[in-house]
file protein-v1.tsv (TSV, C-alpha atoms)
chain	number	residue	atom	x	y	z
A	1	MET	CA	-21.02	-192.98	-112.92
A	2	PRO	CA	-19.77	-195.17	-115.82
A	3	THR	CA	-17.80	-198.24	-114.79
A	4	GLN	CA	-14.44	-199.14	-116.28
A	5	ASN	CA	-16.13	-201.72	-118.52
A	6	SER	CA	-18.74	-199.27	-119.78
A	7	LEU	CA	-15.99	-196.70	-120.46
A	8	LEU	CA	-14.22	-199.22	-122.68
A	9	ILE	CA	-17.49	-199.89	-124.50
A	10	PHE	CA	-17.99	-196.15	-125.13
A	11	ARG	CA	-14.45	-195.83	-126.43
A	12	ASP	CA	-14.94	-198.75	-128.78
A	13	GLU	CA	-18.07	-197.08	-130.14
A	14	ILE	CA	-16.15	-193.83	-130.69
A	15	ASN	CA	-13.35	-195.73	-132.44
A	16	ASN	CA	-15.90	-197.32	-134.77
A	17	ILE	CA	-17.44	-193.92	-135.53
A	18	ASP	CA	-13.97	-192.45	-136.24
A	19	LYS	CA	-13.25	-195.27	-138.68
A	20	LYS	CA	-16.53	-194.55	-140.47
A	21	ILE	CA	-15.63	-190.82	-140.65
A	22	VAL	CA	-12.25	-191.63	-142.25
A	23	LYS	CA	-13.89	-193.95	-144.79
A	24	LEU	CA	-16.49	-191.30	-145.64
A	25	LEU	CA	-13.77	-188.68	-146.10
A	26	ALA	CA	-11.97	-191.07	-148.45
A	27	GLU	CA	-15.19	-191.57	-150.45
A	28	ARG	CA	-15.68	-187.80	-150.53
A	29	LYS	CA	-12.16	-187.31	-151.90
A	30	LYS	CA	-12.85	-189.79	-154.71
A	31	LEU	CA	-15.91	-187.73	-155.69
A	32	VAL	CA	-13.85	-184.53	-155.51
A	33	PHE	CA	-11.40	-186.08	-157.96
A	34	LYS	CA	-14.25	-186.92	-160.36
A	35	ILE	CA	-15.65	-183.39	-160.00
A	36	ALA	CA	-12.23	-181.94	-160.82
A	37	GLN	CA	-12.03	-184.04	-163.99
A	38	SER	CA	-15.49	-182.84	-165.00
A	39	LYS	CA	-14.52	-179.20	-164.41
A	40	ILE	CA	-11.41	-179.56	-166.53
A	41	LYS	CA	-13.40	-181.18	-169.32
A	42	ASN	CA	-16.11	-178.49	-169.23
A	43	ASN	CA	-13.73	-175.56	-168.64
A	44	GLN	CA	-15.30	-174.64	-165.29
A	45	ALA	CA	-13.70	-172.76	-162.38
A	46	ILE	CA	-12.45	-174.75	-159.38
A	47	ARG	CA	-14.25	-172.73	-156.71
A	48	ASP	CA	-17.89	-171.75	-156.45
A	49	LEU	CA	-17.85	-169.44	-153.43
A	50	GLU	CA	-21.61	-168.90	-153.49
A	51	ARG	CA	-22.23	-172.65	-153.37
A	52	GLU	CA	-19.71	-173.03	-150.51
A	53	LYS	CA	-21.49	-170.29	-148.56
A	54	LYS	CA	-24.91	-171.89	-149.00
A	55	MET	CA	-23.53	-175.34	-148.14
A	56	LEU	CA	-22.01	-174.04	-144.88
A	57	GLN	CA	-25.29	-172.33	-143.99
A	58	LYS	CA	-27.24	-175.57	-144.45
A	59	LEU	CA	-24.68	-177.60	-142.51
A	60	THR	CA	-24.70	-175.04	-139.69
A	61	ILE	CA	-28.48	-175.32	-139.39
A	62	LEU	CA	-28.23	-179.11	-139.41
A	63	GLY	CA	-25.49	-178.92	-136.77
A	64	LYS	CA	-27.62	-176.80	-134.46
A	65	LYS	CA	-30.45	-179.34	-134.72
A	66	ASN	CA	-27.97	-181.95	-133.55
A	67	HIS	CA	-26.51	-179.81	-130.73
A	68	LEU	CA	-23.30	-178.86	-132.59
A	69	THR	CA	-22.12	-175.23	-132.52
A	70	SER	CA	-21.84	-173.06	-135.64
A	71	ASP	CA	-18.15	-172.45	-134.94
A	72	TYR	CA	-17.43	-176.19	-134.77
A	73	ILE	CA	-19.26	-176.93	-138.04
A	74	ASN	CA	-17.65	-173.98	-139.83
A	75	ARG	CA	-14.10	-174.85	-138.75
A	76	LEU	CA	-14.55	-178.51	-139.62
A	77	PHE	CA	-16.00	-177.98	-143.10
A	78	GLN	CA	-13.69	-175.08	-143.98
A	79	LEU	CA	-10.84	-177.55	-143.51
A	80	ILE	CA	-12.63	-180.13	-145.66
A	81	ILE	CA	-13.31	-177.51	-148.38
A	82	GLU	CA	-9.67	-176.35	-148.38
A	83	GLU	CA	-8.52	-179.95	-148.86
A	84	SER	CA	-10.99	-180.38	-151.75
A	85	VAL	CA	-9.80	-177.18	-153.45
A	86	SER	CA	-6.16	-178.20	-153.02
A	87	THR	CA	-6.88	-181.62	-154.57
A	88	GLN	CA	-8.67	-180.05	-157.54
A	89	LYS	CA	-6.02	-177.42	-158.12
A	90	LYS	CA	-3.16	-179.92	-158.12
A	91	LEU	CA	-4.98	-182.07	-160.67
A	92	LEU	CA	-5.68	-179.01	-162.83
A	93	GLU	CA	-2.06	-177.88	-162.70
A	94	LYS	CA	-0.93	-181.35	-163.72
A	95	PHE	CA	-3.40	-181.27	-166.60
A	96	CYS	CA	-2.29	-177.81	-167.71
A	97	ASP	CA	1.39	-178.74	-167.32
A	98	ASN	CA	2.04	-175.63	-165.26
A	99	HIS	CA	4.99	-177.19	-163.44
A	100	LYS	CA	8.04	-176.49	-165.56
A	101	LEU	CA	10.68	-179.20	-165.42
A	102	VAL	CA	13.59	-176.78	-165.85
A	103	PRO	CA	16.03	-175.10	-163.43
A	104	ALA	CA	15.13	-171.59	-162.24
A	105	HIS	CA	17.40	-168.84	-160.95
A	106	PHE	CA	15.95	-167.07	-157.87
A	107	SER	CA	17.11	-163.84	-156.24
A	108	PHE	CA	16.19	-163.20	-152.61
A	109	LEU	CA	17.20	-161.22	-149.53
A	110	GLY	CA	20.01	-163.37	-148.21
A	111	PRO	CA	22.26	-164.99	-147.17
A	112	LYS	CA	21.14	-168.63	-146.97
A	113	GLY	CA	18.82	-169.39	-144.09
A	114	SER	CA	16.78	-166.21	-144.40
A	115	TYR	CA	13.01	-166.57	-144.64
A	116	SER	CA	13.19	-165.27	-148.21
A	117	HIS	CA	15.62	-168.10	-148.99
A	118	ILE	CA	13.19	-170.62	-147.45
A	119	ALA	CA	10.31	-169.15	-149.50
A	120	ALA	CA	12.34	-169.24	-152.73
A	121	CYS	CA	13.27	-172.90	-152.22
A	122	GLU	CA	9.69	-173.90	-151.36
A	123	TYR	CA	8.25	-172.10	-154.40
A	124	ALA	CA	10.91	-173.63	-156.65
A	125	ASN	CA	10.20	-177.11	-155.25
A	126	ARG	CA	6.57	-176.73	-156.28
A	127	ASN	CA	7.20	-175.37	-159.74
A	128	PHE	CA	10.68	-176.23	-161.01
A	129	GLN	CA	13.16	-179.06	-161.24
A	130	LYS	CA	15.96	-177.14	-159.57
A	131	CYS	CA	16.48	-173.85	-157.71
A	132	ILE	CA	19.63	-171.85	-158.43
A	133	ILE	CA	20.01	-169.20	-155.72
A	134	ASN	CA	21.31	-165.64	-155.84
A	135	GLU	CA	21.82	-163.97	-152.45
A	136	CYS	CA	21.19	-160.21	-152.32
A	137	ALA	CA	21.93	-157.65	-149.61
A	138	THR	CA	18.81	-155.47	-150.14
A	139	PHE	CA	15.32	-155.67	-151.61
A	140	GLU	CA	16.47	-153.25	-154.33
A	141	GLU	CA	19.26	-155.64	-155.33
A	142	VAL	CA	16.75	-158.50	-155.52
A	143	ILE	CA	14.69	-156.57	-158.08
A	144	LEU	CA	17.67	-155.21	-160.04
A	145	SER	CA	19.17	-158.68	-160.49
A	146	VAL	CA	16.05	-159.79	-162.39
A	147	GLU	CA	15.64	-156.52	-164.27
A	148	ASN	CA	19.27	-156.88	-165.43
A	149	ASN	CA	18.81	-160.53	-166.51
A	150	GLU	CA	21.10	-161.83	-163.73
A	151	ALA	CA	18.28	-164.00	-162.37
A	152	ASP	CA	14.90	-165.31	-163.57
A	153	TYR	CA	12.75	-164.62	-160.52
A	154	ALA	CA	12.70	-162.22	-157.58
A	155	ILE	CA	10.99	-163.18	-154.33
A	156	LEU	CA	9.93	-160.50	-151.84
A	157	PRO	CA	7.99	-160.55	-148.55
A	158	ILE	CA	4.92	-158.36	-148.87
A	159	GLU	CA	2.96	-158.78	-145.63
A	160	ASN	CA	3.00	-160.54	-142.27
A	161	THR	CA	0.16	-161.51	-139.94
A	162	CYS	CA	1.95	-159.88	-136.96
A	163	SER	CA	3.61	-156.76	-138.38
A	164	GLY	CA	1.30	-156.07	-141.34
A	165	PHE	CA	2.28	-154.78	-144.77
A	166	ILE	CA	5.95	-154.23	-145.62
A	167	HIS	CA	5.71	-150.75	-147.11
A	168	GLU	CA	9.35	-150.70	-148.22
A	169	VAL	CA	8.50	-153.51	-150.65
A	170	PHE	CA	5.34	-151.77	-151.90
A	171	HIS	CA	7.45	-148.72	-152.79
A	172	ILE	CA	9.80	-150.97	-154.80
A	173	LEU	CA	6.86	-152.65	-156.58
A	174	LYS	CA	5.51	-149.26	-157.62
A	175	ASN	CA	8.73	-148.43	-159.46
A	176	THR	CA	9.80	-151.76	-160.97
A	177	ASN	CA	8.92	-152.99	-164.46
A	178	LEU	CA	8.66	-156.58	-163.21
A	179	PHE	CA	5.33	-158.42	-162.79
A	180	ILE	CA	4.02	-160.54	-159.94
A	181	ILE	CA	3.53	-164.05	-161.34
A	182	GLY	CA	3.02	-166.01	-158.13
A	183	GLU	CA	2.82	-165.96	-154.34
A	184	ILE	CA	3.55	-168.28	-151.44
A	185	ASN	CA	2.65	-168.24	-147.73
A	186	ILE	CA	5.34	-169.34	-145.28
A	187	PHE	CA	4.88	-170.14	-141.59
A	188	ILE	CA	7.46	-168.05	-139.69
A	189	ASN	CA	8.94	-169.64	-136.57
A	190	HIS	CA	11.19	-166.99	-135.03
A	191	CYS	CA	13.86	-168.51	-132.78
A	192	LEU	CA	16.33	-166.89	-130.42
A	193	LEU	CA	19.70	-168.32	-131.47
A	194	ALA	CA	23.16	-168.25	-129.88
A	195	LEU	CA	26.55	-169.90	-130.24
A	196	GLU	CA	25.85	-172.15	-127.27
A	197	LYS	CA	23.08	-172.87	-124.78
A	198	THR	CA	22.87	-170.02	-122.27
A	199	GLU	CA	20.34	-168.39	-119.95
A	200	LEU	CA	18.34	-165.53	-121.47
A	201	ASN	CA	19.33	-163.07	-118.75
A	202	LYS	CA	22.98	-163.48	-119.78
A	203	ILE	CA	22.28	-162.21	-123.32
A	204	THR	CA	23.41	-158.61	-123.89
A	205	THR	CA	22.90	-158.00	-127.63
A	206	VAL	CA	20.34	-159.33	-130.11
A	207	TYR	CA	20.73	-159.03	-133.91
A	208	SER	CA	18.06	-159.29	-136.60
A	209	HIS	CA	16.20	-157.61	-139.44
A	210	PRO	CA	13.68	-154.95	-138.20
A	211	GLN	CA	10.68	-157.14	-139.16
A	212	PRO	CA	11.33	-159.98	-136.64
A	213	PHE	CA	11.76	-157.41	-133.85
A	214	GLN	CA	8.30	-156.03	-134.71
A	215	GLN	CA	6.77	-159.50	-134.94
A	216	CYS	CA	8.31	-160.57	-131.61
A	217	SER	CA	7.88	-157.25	-129.77
A	218	ASN	CA	5.99	-158.80	-126.83
A	219	PHE	CA	8.85	-161.20	-126.17
A	220	ILE	CA	11.54	-158.53	-126.63
A	221	LYS	CA	9.82	-156.20	-124.11
A	222	GLN	CA	10.47	-158.77	-121.40
A	223	PHE	CA	14.21	-158.02	-121.68
A	224	PRO	CA	14.62	-154.20	-121.71
A	225	GLU	CA	18.34	-154.53	-120.94
A	226	TRP	CA	19.04	-156.17	-124.31
A	227	LYS	CA	20.75	-154.02	-126.96
A	228	ILE	CA	18.90	-154.29	-130.28
A	229	LYS	CA	21.05	-154.32	-133.43
A	230	TYR	CA	19.39	-154.19	-136.88
A	231	THR	CA	20.81	-156.20	-139.78
A	232	LYS	CA	20.02	-156.49	-143.49
A	233	SER	CA	18.38	-159.91	-143.02
A	234	THR	CA	17.86	-162.61	-140.40
A	235	ALA	CA	20.57	-164.70	-142.07
A	236	ASP	CA	22.95	-161.73	-141.88
A	237	ALA	CA	22.23	-161.60	-138.13
A	238	MET	CA	23.11	-165.28	-137.76
A	239	LYS	CA	26.34	-164.78	-139.67
A	240	LYS	CA	27.32	-161.99	-137.26
A	241	LEU	CA	27.09	-164.43	-134.34
A	242	THR	CA	29.65	-166.70	-135.99
A	243	LYS	CA	31.81	-163.70	-136.94
A	244	TYR	CA	31.93	-161.99	-133.51
A	245	HIS	CA	31.93	-165.30	-131.61
A	246	LYS	CA	30.57	-163.85	-128.35
A	247	THR	CA	28.42	-166.12	-126.18
A	248	THR	CA	26.42	-163.11	-124.93
A	249	ASN	CA	25.22	-162.31	-128.47
A	250	ALA	CA	21.98	-163.73	-129.88
A	251	ALA	CA	19.94	-163.44	-133.07
A	252	LEU	CA	16.31	-163.75	-134.11
A	253	GLY	CA	16.26	-166.18	-137.02
A	254	SER	CA	14.90	-169.39	-138.50
A	255	GLU	CA	15.27	-172.94	-137.26
A	256	ILE	CA	16.66	-173.90	-140.66
A	257	GLY	CA	19.18	-171.06	-140.34
A	258	SER	CA	20.36	-172.44	-136.99
A	259	LYS	CA	21.35	-175.67	-138.73
A	260	ILE	CA	23.12	-173.85	-141.57
A	261	TYR	CA	25.22	-171.70	-139.20
A	262	GLY	CA	25.65	-174.25	-136.39
A	263	LEU	CA	23.73	-172.25	-133.76
A	264	LYS	CA	21.79	-173.36	-130.68
A	265	ILE	CA	18.08	-172.61	-130.24
A	266	LEU	CA	17.51	-170.92	-126.86
A	267	THR	CA	13.74	-170.58	-127.37
A	268	LYS	CA	11.34	-170.55	-130.32
A	269	ASN	CA	7.81	-169.59	-131.48
A	270	LEU	CA	8.39	-166.03	-130.30
A	271	ALA	CA	5.97	-164.11	-132.54
A	272	ASN	CA	3.16	-162.04	-131.05
A	273	LYS	CA	0.61	-164.26	-132.81
A	274	GLU	CA	0.56	-168.04	-132.82
A	275	LYS	CA	0.00	-168.15	-136.58
A	276	ASN	CA	2.86	-165.96	-137.78
A	277	ILE	CA	2.68	-166.16	-141.56
A	278	THR	CA	4.49	-164.12	-144.20
A	279	ARG	CA	3.17	-163.80	-147.73
A	280	PHE	CA	5.84	-163.62	-150.42
A	281	VAL	CA	5.36	-162.57	-154.05
A	282	VAL	CA	7.36	-163.91	-156.99
A	283	LEU	CA	8.27	-161.53	-159.83
A	284	ASN	CA	9.43	-162.03	-163.40
A	285	ARG	CA	10.24	-159.80	-166.37
A	286	ASN	CA	7.11	-161.00	-168.18
A	287	SER	CA	3.49	-161.18	-167.07
A	288	ILE	CA	1.61	-164.47	-167.39
A	289	GLU	CA	-1.80	-165.49	-168.64
A	290	ILE	CA	-3.91	-167.47	-166.17
A	291	SER	CA	-6.58	-169.95	-167.19
A	292	GLU	CA	-10.06	-169.00	-166.08
A	293	LYS	CA	-10.24	-172.42	-164.44
A	294	ILE	CA	-7.60	-171.44	-161.85
A	295	PRO	CA	-8.48	-169.27	-158.81
A	296	THR	CA	-6.80	-165.97	-159.61
A	297	LYS	CA	-5.64	-162.86	-157.82
A	298	THR	CA	-4.83	-159.48	-159.37
A	299	THR	CA	-2.76	-156.86	-157.54
A	300	LEU	CA	-2.89	-153.25	-158.64
A	301	ILE	CA	-1.85	-149.85	-157.33
A	302	PHE	CA	-3.43	-146.47	-157.95
A	303	SER	CA	-3.19	-142.94	-156.61
A	304	VAL	CA	-5.94	-140.43	-155.89
A	305	GLU	CA	-6.27	-136.96	-154.42
A	306	GLN	CA	-7.04	-137.29	-150.70
A	307	GLU	CA	-9.90	-134.81	-150.72
A	308	SER	CA	-11.63	-135.99	-153.90
A	309	GLY	CA	-13.52	-139.02	-152.56
A	310	ALA	CA	-12.07	-141.01	-155.48
A	311	LEU	CA	-11.26	-144.03	-153.29
A	312	ASP	CA	-14.93	-144.39	-152.32
A	313	LYS	CA	-15.84	-144.31	-156.00
A	314	VAL	CA	-13.30	-147.04	-156.83
A	315	LEU	CA	-14.53	-149.25	-154.01
A	316	LEU	CA	-18.14	-148.66	-155.07
A	317	ILE	CA	-17.35	-149.87	-158.61
A	318	LEU	CA	-15.82	-153.07	-157.21
A	319	LYS	CA	-18.80	-153.58	-154.91
A	320	GLU	CA	-21.30	-153.05	-157.74
A	321	LYS	CA	-19.55	-155.73	-159.82
A	322	LYS	CA	-19.33	-158.08	-156.80
A	323	ILE	CA	-15.54	-158.21	-156.97
A	324	ILE	CA	-13.99	-159.81	-153.88
A	325	MET	CA	-11.36	-157.48	-152.40
A	326	LYS	CA	-8.83	-159.31	-150.21
A	327	LYS	CA	-6.35	-156.59	-149.21
A	328	LEU	CA	-6.22	-152.82	-149.16
A	329	THR	CA	-3.48	-150.61	-147.78
A	330	SER	CA	-2.25	-147.09	-148.49
A	331	GLN	CA	0.67	-144.71	-148.25
A	332	ILE	CA	0.93	-140.92	-148.33
A	333	LEU	CA	3.47	-139.72	-150.89
A	334	TYR	CA	6.16	-137.68	-149.15
A	335	LYS	CA	6.77	-135.47	-152.18
A	336	ASN	CA	3.05	-134.77	-152.50
A	337	PRO	CA	1.18	-135.09	-149.14
A	338	SER	CA	-2.16	-134.39	-150.82
A	339	GLU	CA	-1.82	-137.53	-152.94
A	340	GLU	CA	-2.39	-141.03	-151.55
A	341	ILE	CA	-1.40	-144.29	-153.20
A	342	PHE	CA	-3.35	-147.53	-152.65
A	343	TYR	CA	-2.38	-151.17	-153.06
A	344	ILE	CA	-5.23	-153.61	-153.57
A	345	ASP	CA	-5.69	-157.38	-154.11
A	346	ILE	CA	-8.84	-158.56	-155.85
A	347	GLU	CA	-10.00	-162.06	-156.79
A	348	VAL	CA	-10.54	-161.63	-160.51
A	349	ASN	CA	-8.67	-162.49	-163.71
A	350	ILE	CA	-7.23	-159.42	-165.42
A	351	SER	CA	-7.99	-160.85	-168.87
A	352	SER	CA	-11.73	-161.16	-168.20
A	353	VAL	CA	-14.13	-158.78	-169.95
A	354	LEU	CA	-15.50	-157.82	-166.54
A	355	MET	CA	-12.10	-156.69	-165.26
A	356	GLN	CA	-11.26	-154.81	-168.45
A	357	ASN	CA	-14.50	-152.83	-168.13
A	358	ILE	CA	-13.77	-152.12	-164.47
A	359	LEU	CA	-10.28	-150.83	-165.32
A	360	LYS	CA	-11.68	-148.42	-167.88
A	361	ARG	CA	-13.98	-146.92	-165.23
A	362	ILE	CA	-11.27	-146.77	-162.55
A	363	LYS	CA	-8.78	-145.05	-164.90
A	364	LYS	CA	-11.20	-142.14	-165.24
A	365	ILE	CA	-11.22	-141.62	-161.46
A	366	THR	CA	-7.57	-142.15	-160.51
A	367	LYS	CA	-4.48	-140.06	-161.22
A	368	PHE	CA	-2.29	-143.12	-161.73
A	369	ILE	CA	-2.95	-146.86	-161.98
A	370	LYS	CA	-0.63	-149.83	-162.54
A	371	ILE	CA	-1.28	-153.59	-162.70
A	372	LEU	CA	1.42	-155.29	-160.63
A	373	GLY	CA	0.38	-158.76	-161.73
A	374	CYS	CA	-2.27	-161.41	-162.23
A	375	TYR	CA	-1.34	-164.79	-160.77
A	376	PRO	CA	-2.68	-168.02	-159.18
A	377	ASN	CA	-4.26	-167.52	-155.76
A	378	GLU	CA	-2.11	-169.16	-153.08
A	379	ASN	CA	-5.14	-169.57	-150.78
A	380	ALA	CA	-5.95	-172.78	-152.63
A	381	TYR	CA	-2.84	-174.28	-151.02
A	382	PRO	CA	-2.36	-174.99	-147.30
A	383	ILE	CA	0.13	-172.80	-145.41
A	384	THR	CA	3.69	-174.12	-145.63
A	385	GLN	CA	5.26	-175.00	-142.28
call {"tool": "encode", "arguments": {"input": "protein-v1.tsv", "output": "C-alpha cells"}}
result
Amino acid sequence: MPTQNSLLIFRDEINNIDKKIVKLLAERKKLVFKIAQSKIKNNQAIRDLEREKKMLQKLTILGKKNHLTSDYINRLFQLIIEESVSTQKKLLEKFCDNHKLVPAHFSFLGPKGSYSHIAACEYANRNFQKCIINECATFEEVILSVENNEADYAILPIENTCSGFIHEVFHILKNTNLFIIGEINIFINHCLLALEKTELNKITTVYSHPQPFQQCSNFIKQFPEWKIKYTKSTADAMKKLTKYHKTTNAALGSEIGSKIYGLKILTKNLANKEKNITRFVVLNRNSIEISEKIPTKTTLIFSVEQESGALDKVLLILKEKKIIMKKLTSQILYKNPSEEIFYIDIEVNISSVLMQNILKRIKKITKFIKILGCYPNENAYPITQ
C-alpha cells in the first residue's frame, strides 16, 4: 500500500503531466489558428469529416495499445475537435465580416423571460450590436410580424432533445414566405417557480406552455394531484403567478425568467434528459448566400404519395451522392391522408452544383418541394448554457 509520502509523489507527477497536457493543447491551438488562416487564403472548407474520422480511428487504435478505452479517446478528441472547429469558424466569420454592427429587431414568443426571448438575445449578441425585441402571443404572430415588416427577424423553436420536433412550427414554416437564415442551440433548464419558497406537496396548480410539461413529464408524474394549466408561453405562465398572487400556484419556466418576475426557484433541472437542448431557427424575408468555406445546413420540405415509395427514392439519391442527412421527420396531411410531408436537414450548400443537380432529380419524384433555407451550421459552436 502506498505511503502518504509516495502518494504525494504520485500526485506531483500527475500535476506535472497535467501541466504538459495544457501546454500541448495551447500549442495545438496555435497550429489550428495557422491552419484556419491557410484555409481562408486557399478558399478551403473548415471541416474535413473524412479526415476527422480517420484521425479518430488511428487514435482509438493507439489508445487501445496503451490501455485506454475507445469511448474515452472518442469523447476526449471530439471535444478537442469541436474546440478547433469553433476557433476556425470564429476567425473565418471575422475575416468575412459576417457580424453586422447594426441593431436588429427580433420577434419571438413572449413575454420577456421565455426561452425564445433568451434565444433571440443570445443570437443577437453573436451577430448584432443591439437587439430590439418584439413580444408575440403566438408562433403565427411571430412570423406575421416579419412578413409585415414590423420586425427584421423571427425566432422559432423547432426541436427539443426531450420532446422531439415541434410540429406546430413545421406547419408554419411550410406556409410562410420567410427563409431560415440561422439557428442556435439553447440549453433549457426548466425550473419550478413560485411566489415564495414552499413545499412541493402544497402546490395545487402548475402553469406553463405544453412543451415544458412534455419535457418534464417524469417529474410531473410524481405529483398527480397537481392541476395542469396550459399557457401561451413559459413567460406567460410566470406572469400569471404575479397576477393571481396565490402561494399554491407554480410555473415551469426559466431561471432568467424567475429574476425578471421576482419568483423563487423551488427546484430546477427538471427535464427528462440531463442535456435538455432546444434548437431555434432564425427567419428573415430574404435568403442568404453562404460561403463554401463555412459549414452549411440546408432545410427543405417535400411531399410524396404514401404508397409510391418516393421517399426511398429521395433517400437513395442523397445516399448515392454521399450527402449527410442530419434530421428527418414527417407529418400526414389531414386534408389528404394519402399524402405525407417530410422535413429534412442536410449538410450541403444549396448553391453548389451538386445540390442543384440533386434538386432536379428530387423534383421529378416529389409532388411538392420547398427550400426553407440554407444557413451556417450551428454545430460548429458549443451549446449555449
call {"tool": "closest_residue", "arguments": {"input": "protein-v1.tsv", "among": "A:Glu150, A:Glu140, A:Glu183, A:Glu13", "to": "His171 of chain A", "atoms": "only C-alpha atoms"}}
result
A:Glu140
call {"tool": "residues_around", "arguments": {"input": "protein-v1.tsv", "residues": "segment 122-126 of chain A", "least_positions_apart": "4", "cutoff": "8 Å", "atoms": "all atoms listed in the file", "output": "mmCIF file with C-alpha atoms, in the coordinates of the input"}}
result
data_model
loop_
_atom_site.group_PDB
_atom_site.id
_atom_site.type_symbol
_atom_site.label_atom_id
_atom_site.label_comp_id
_atom_site.auth_asym_id
_atom_site.auth_seq_id
_atom_site.Cartn_x
_atom_site.Cartn_y
_atom_site.Cartn_z
ATOM 1 C CA HIS A 99 4.990 -177.190 -163.440
ATOM 2 C CA ALA A 104 15.130 -171.590 -162.240
ATOM 3 C CA ILE A 118 13.190 -170.620 -147.450
ATOM 4 C CA LYS A 130 15.960 -177.140 -159.570
ATOM 5 C CA CYS A 131 16.480 -173.850 -157.710
ATOM 6 C CA ILE A 184 3.550 -168.280 -151.440
#
call {"tool": "closest_residue", "arguments": {"input": "protein-v1.tsv", "among": "A:Ile186, A:Glu135, A:Tyr343, A:Leu263", "to": "Leu328 of chain A", "atoms": "only C-alpha atoms"}}
result
A:Tyr343
call {"tool": "closest_residue", "arguments": {"input": "protein-v1.tsv", "among": "A:Ile369, A:Ile21, A:Leu315, A:Leu91", "to": "Ser38 of chain A", "atoms": "all atoms listed in the file"}}
result
A:Leu91
call {"tool": "atom_distance", "arguments": {"input": "protein-v1.tsv", "atom1": "atom CA of Lys264 of chain A", "atom2": "atom CA of Pro224 of chain A"}}
result
22.3 Å
call {"tool": "closest_residue", "arguments": {"input": "protein-v1.tsv", "among": "A:Phe187, A:Asp12, A:Leu270, A:Leu24", "to": "Gln222 of chain A", "atoms": "all atoms listed in the file"}}
result
A:Leu270
call {"tool": "residues_around", "arguments": {"input": "protein-v1.tsv", "residues": "Asn201 of chain A", "least_positions_apart": "6", "cutoff": "12 Å", "atoms": "all atoms listed in the file", "output": "count of residues only"}}
result
10
call {"tool": "residues_around", "arguments": {"input": "protein-v1.tsv", "residues": "Leu241 of chain A", "least_positions_apart": "3", "cutoff": "8 Å", "atoms": "all atoms listed in the file", "output": "number ranges by chain"}}
result
A: 194-195, 237-238, 244-246, 249-251
call {"tool": "atom_distance", "arguments": {"input": "protein-v1.tsv", "atom1": "atom CA of Leu192 of chain A", "atom2": "atom CA of Gly113 of chain A"}}
result
14.1 Å
call {"tool": "atom_distance", "arguments": {"input": "protein-v1.tsv", "atom1": "atom CA of His209 of chain A", "atom2": "atom CA of Lys326 of chain A"}}
result
27.3 Å
call {"tool": "residues_near_point", "arguments": {"input": "protein-v1.tsv", "point": "(3.7, -159.6, -142.8)", "cutoff": "8 Å", "atoms": "only C-alpha atoms", "output": "count of residues only"}}
result
13
call {"tool": "residues_around", "arguments": {"input": "protein-v1.tsv", "residues": "Val314 of chain A", "least_positions_apart": "3", "cutoff": "9 Å", "atoms": "all atoms listed in the file", "output": "list in words"}}
result
Ala310, Leu311, Ile317, Leu318, Lys319, Arg361, Ile362, Ile365 and Thr366 of chain A
call {"tool": "residues_around", "arguments": {"input": "protein-v1.tsv", "residues": "segment 176-181 of chain A", "least_positions_apart": "4", "cutoff": "9 Å", "atoms": "only C-alpha atoms", "output": "MDAnalysis selection string"}}
result
chainID A and resid 143:144 146:147 154 172 281:288 298:299 371:376
call {"tool": "closest_residue", "arguments": {"input": "protein-v1.tsv", "among": "A:Ala137, A:Ala26, A:Leu354, A:Ile9", "to": "Lys322 of chain A", "atoms": "only C-alpha atoms"}}
result
A:Leu354
